[in-house]
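A short write-up of the structure that comes next.
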There are 2 protein chains.
Amino acid sequence: MRKLTHEELLARRLTVAEASTVPRHAVTVVLQDIRSMYNVGSIFRTADAMRIERIILTGYTPTPPRPEIKKTALGADDTVPWSYEGDIFVALAAERARGSRIVALELTTTSLPISSLSTVSPATPSPITLVLGNEISGVSDDVLAVCDASVEIPMEGVKHSLNVAVAAGIALYEAIQCR
Amino acid sequence: MRKLTHEELLARRLTVAEASTVPRHAVTVVLQDIRSMYNVGSIFRTADAMRIERIILTGYTPTPPRPEIKKTALGADDTVPWSYEGDIFVALAAERARGSRIVALELTTTSLPISSLSTVSPATPSPITLVLGNEISGVSDDVLAVCDASVEIPMEGVKHSLNVAVAAGIALYEAIQCR
């Protein structure tokens with residue numbers, strides 16, 4: 001085997017023009033009060049690779065354009081559809097109104113394994129809106145109260161959480177499998 | 001649903017003492033010339049959560065203890081088994097000698113989807129050694145030449161790579177499923 005050349009990689013990639021018209025996986029991410037611009041940028045980069053529909057930034061989550069976001073987004077902040085809504089409840093109500101299932105990534109009393117995102121009713125998968133919470137406090141209890149379900153990434157170690165951008169990567173990877 | 005309390009989370013977690021004796025998934029990560037201490041720390045944090053066997057740091061990859069590694073590892077650099085080997089070829093030869101399959105995470109002419117890590121021969125999965133390359137240049141060609149296989153995370157966007165710590169998260173999540 002050999003590494004793909006730059007030309008071979010380019011041939012696989014979407015152009016910027018294509019990115020705005022291509023069909024996208026029916027997955028939206030809602031960020032609740034993410035603090036770090038580097039995390040926001042990294043989630044943009046992952047959202048581009050996974051070709052999800054949209055990122056909705058809420059609360060005090062920083063928004064593009066910011067050099068610190070660009071540093072880790074590597075330009076994906078220019079091509080991934082995104083919007084800002086100060087009130088996360090307004091954003092979630094709009095998502096529900098368009099038929100999306102609201103799922104929090106959070107360790108709760110009823111959270112399902114993250115793998116359920118790709119295995120639950122694969123025949124007729126509904127669009128999904130995945131809520132990711134603040135780096136320290138996670139998804140808040142009042143937001144959990146309006147979610148349809150919660151999912152968790154199995155935590156088998158001494159710590160009980162992952163970096164939010166890493167967790168987003170795993171969650172989006174699972175979520176796009178059947179959508 | 002409600003969030004798990006601190007006490008409920010503690011009850012699920014390994015203690016530091018348990019972490020040194022508990023069985024671990026038969027997955028080792030080899031880091032080739034990772035530049036960023038924050039990426040190294042984040043990979044330690046993920047390796048703790050996924051309870052993998054070991055991280056082998058090679059080349060100019062920075063090693064603990066370093067405050068910048070600790071910042072993103074959140075202490076996982078104290079509990080995840082790790083070692084340093086300057087020459088990655090020595091490290092890979094030792095991994096092969098103990099029966100591990102050497103798999104690069106890289107876009108190559110023959111790379112398989114990352115999902116093959118959890119679906120290939122689940123009845124008798126061999127231990128796996130996953131090689132992650134430098135942030136810019138990836139796994140080098142001379143290292144690829146001694147790998148048994150390569151796997152790739154599907155890239156459907158304008159960019160052709162993920163942050164290495166995010167990619168490590170997805171790869172480890174897949175790799176531990178059947179080991």
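Naming works like this for the structure tokens: A, B, ... for the chains as they're shown, residue 1 at the start of each chain, ligands 1 onward in shown order.
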For the structure I just gave you, how does DSSP split region 21-161 of chain A - specifically, which residues are strand (DSSP E or B)? Reply as a PyMOL selection string.
chain A and resi 25-32+52-58+82-85+101-105+108+112-113+128-132+134+138+149-152
Give me, as a PyMOL selection string, all polymer residues having an atom no more than 9 Å from region 60-67 of chain A, counting only C-alpha atoms and skipping those fewer than 2 positions away in the same chain.
chain A and resi 31-37+40-41+57-58+69-71+77-78+83-84+86+134
Output N, CA and C atoms of each residue in that selection to a file, as a PDB file, in the first residue's frame.
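For reference, again_37.pdb as written:
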```
ATOM      1  N   LEU A  31     -24.940  22.999  19.977  1.00  0.00           N
ATOM      2  CA  LEU A  31     -23.926  23.191  21.012  1.00  0.00           C
ATOM      3  C   LEU A  31     -24.471  24.124  22.091  1.00  0.00           C
ATOM      4  N   GLN A  32     -24.532  23.606  23.326  1.00  0.00           N
ATOM      5  CA  GLN A  32     -25.015  24.425  24.448  1.00  0.00           C
ATOM      6  C   GLN A  32     -23.838  24.979  25.250  1.00  0.00           C
ATOM      7  N   ASP A  33     -23.622  26.268  25.144  1.00  0.00           N
ATOM      8  CA  ASP A  33     -22.624  26.939  25.988  1.00  0.00           C
ATOM      9  C   ASP A  33     -21.254  26.265  25.970  1.00  0.00           C
ATOM     10  N   ILE A  34     -20.767  25.963  24.771  1.00  0.00           N
ATOM     11  CA  ILE A  34     -19.390  25.471  24.665  1.00  0.00           C
ATOM     12  C   ILE A  34     -18.463  26.671  24.886  1.00  0.00           C
ATOM     13  N   ARG A  35     -17.464  26.471  25.694  1.00  0.00           N
ATOM     14  CA  ARG A  35     -16.605  27.581  26.083  1.00  0.00           C
ATOM     15  C   ARG A  35     -15.439  27.791  25.110  1.00  0.00           C
ATOM     16  N   SER A  36     -14.822  26.669  24.698  1.00  0.00           N
ATOM     17  CA  SER A  36     -13.556  26.762  23.971  1.00  0.00           C
ATOM     18  C   SER A  36     -13.756  26.942  22.474  1.00  0.00           C
ATOM     19  N   MET A  37     -13.141  27.997  21.934  1.00  0.00           N
ATOM     20  CA  MET A  37     -13.207  28.214  20.491  1.00  0.00           C
ATOM     21  C   MET A  37     -12.503  27.081  19.737  1.00  0.00           C
ATOM     22  N   VAL A  40     -15.010  24.342  19.390  1.00  0.00           N
ATOM     23  CA  VAL A  40     -15.995  24.691  18.362  1.00  0.00           C
ATOM     24  C   VAL A  40     -15.394  24.477  16.972  1.00  0.00           C
ATOM     25  N   GLY A  41     -14.174  24.931  16.772  1.00  0.00           N
ATOM     26  CA  GLY A  41     -13.534  24.768  15.465  1.00  0.00           C
ATOM     27  C   GLY A  41     -13.348  23.306  15.104  1.00  0.00           C
ATOM     28  N   LEU A  57     -25.279  26.901  17.028  1.00  0.00           N
ATOM     29  CA  LEU A  57     -24.529  27.395  18.181  1.00  0.00           C
ATOM     30  C   LEU A  57     -25.505  28.150  19.065  1.00  0.00           C
ATOM     31  N   THR A  58     -25.508  27.831  20.362  1.00  0.00           N
ATOM     32  CA  THR A  58     -26.472  28.502  21.254  1.00  0.00           C
ATOM     33  C   THR A  58     -25.773  29.042  22.492  1.00  0.00           C
ATOM     34  N   ILE A  69     -11.283  29.822  16.172  1.00  0.00           N
ATOM     35  CA  ILE A  69     -12.147  28.787  15.593  1.00  0.00           C
ATOM     36  C   ILE A  69     -11.536  28.305  14.281  1.00  0.00           C
ATOM     37  N   LYS A  70     -11.090  29.247  13.473  1.00  0.00           N
ATOM     38  CA  LYS A  70     -10.493  28.911  12.166  1.00  0.00           C
ATOM     39  C   LYS A  70      -9.280  27.994  12.325  1.00  0.00           C
ATOM     40  N   LYS A  71      -8.530  28.215  13.414  1.00  0.00           N
ATOM     41  CA  LYS A  71      -7.289  27.453  13.629  1.00  0.00           C
ATOM     42  C   LYS A  71      -7.552  25.954  13.684  1.00  0.00           C
ATOM     43  N   ASP A  77     -15.369  26.133   8.869  1.00  0.00           N
ATOM     44  CA  ASP A  77     -16.363  27.115   9.308  1.00  0.00           C
ATOM     45  C   ASP A  77     -16.917  27.921   8.124  1.00  0.00           C
ATOM     46  N   ASP A  78     -16.251  27.819   6.971  1.00  0.00           N
ATOM     47  CA  ASP A  78     -16.760  28.492   5.770  1.00  0.00           C
ATOM     48  C   ASP A  78     -17.686  27.601   4.943  1.00  0.00           C
ATOM     49  N   SER A  83     -25.853  28.106  12.210  1.00  0.00           N
ATOM     50  CA  SER A  83     -26.630  29.272  12.595  1.00  0.00           C
ATOM     51  C   SER A  83     -26.442  29.483  14.091  1.00  0.00           C
ATOM     52  N   TYR A  84     -26.840  30.670  14.547  1.00  0.00           N
ATOM     53  CA  TYR A  84     -26.748  30.970  15.975  1.00  0.00           C
ATOM     54  C   TYR A  84     -28.141  31.283  16.514  1.00  0.00           C
ATOM     55  N   GLY A  86     -29.562  32.337  20.383  1.00  0.00           N
ATOM     56  CA  GLY A  86     -29.196  32.579  21.778  1.00  0.00           C
ATOM     57  C   GLY A  86     -29.917  31.651  22.751  1.00  0.00           C
ATOM     58  N   ASN A 134     -21.831  21.945  27.650  1.00  0.00           N
ATOM     59  CA  ASN A 134     -20.628  22.631  28.114  1.00  0.00           C
ATOM     60  C   ASN A 134     -19.551  21.654  28.599  1.00  0.00           C
TER      61      ASN A 134
END
```
Write down, as an MDAnalysis selection string, each residue of chain A that has any atom within 6 Å of an atom of chain B, counting only C-alpha atoms.
chainID A and resid 1:4 13:15 48:51 107:110 155:158 166 169:170
Near Val30 (chain B), within 8 Å and counting only C-alpha atoms, which residues show up once chain neighbours fewer than 6 positions away are dropped, as a PyMOL selection string?
chain B and resi 55-58+129-132
Apply DSSP to the structure's backbone, then extract all residues of region 4-173 of chain A labelled helix (DSSP H, G or I) and return them as a VMD selection string.
chain A and resid 6 to 12 16 to 19 37 to 50 67 to 73 76 to 78 88 to 97 116 to 119 141 to 144 164 to 173
In Å, how far is it from CA of Ala104 (chain A) to CA of Val151 (chain B)?
29.4 Å
Here CA of His25 (chain A) and CA of Arg101 (chain A) stand apart by 14.0 Å
Residues within 7 Å of Arg54 (chain B), please, as a ChimeraX atom specification. Count only C-alpha atoms; anything in the same chain fewer than 4 positions from it doesn't count.
/B:28-29,80-82
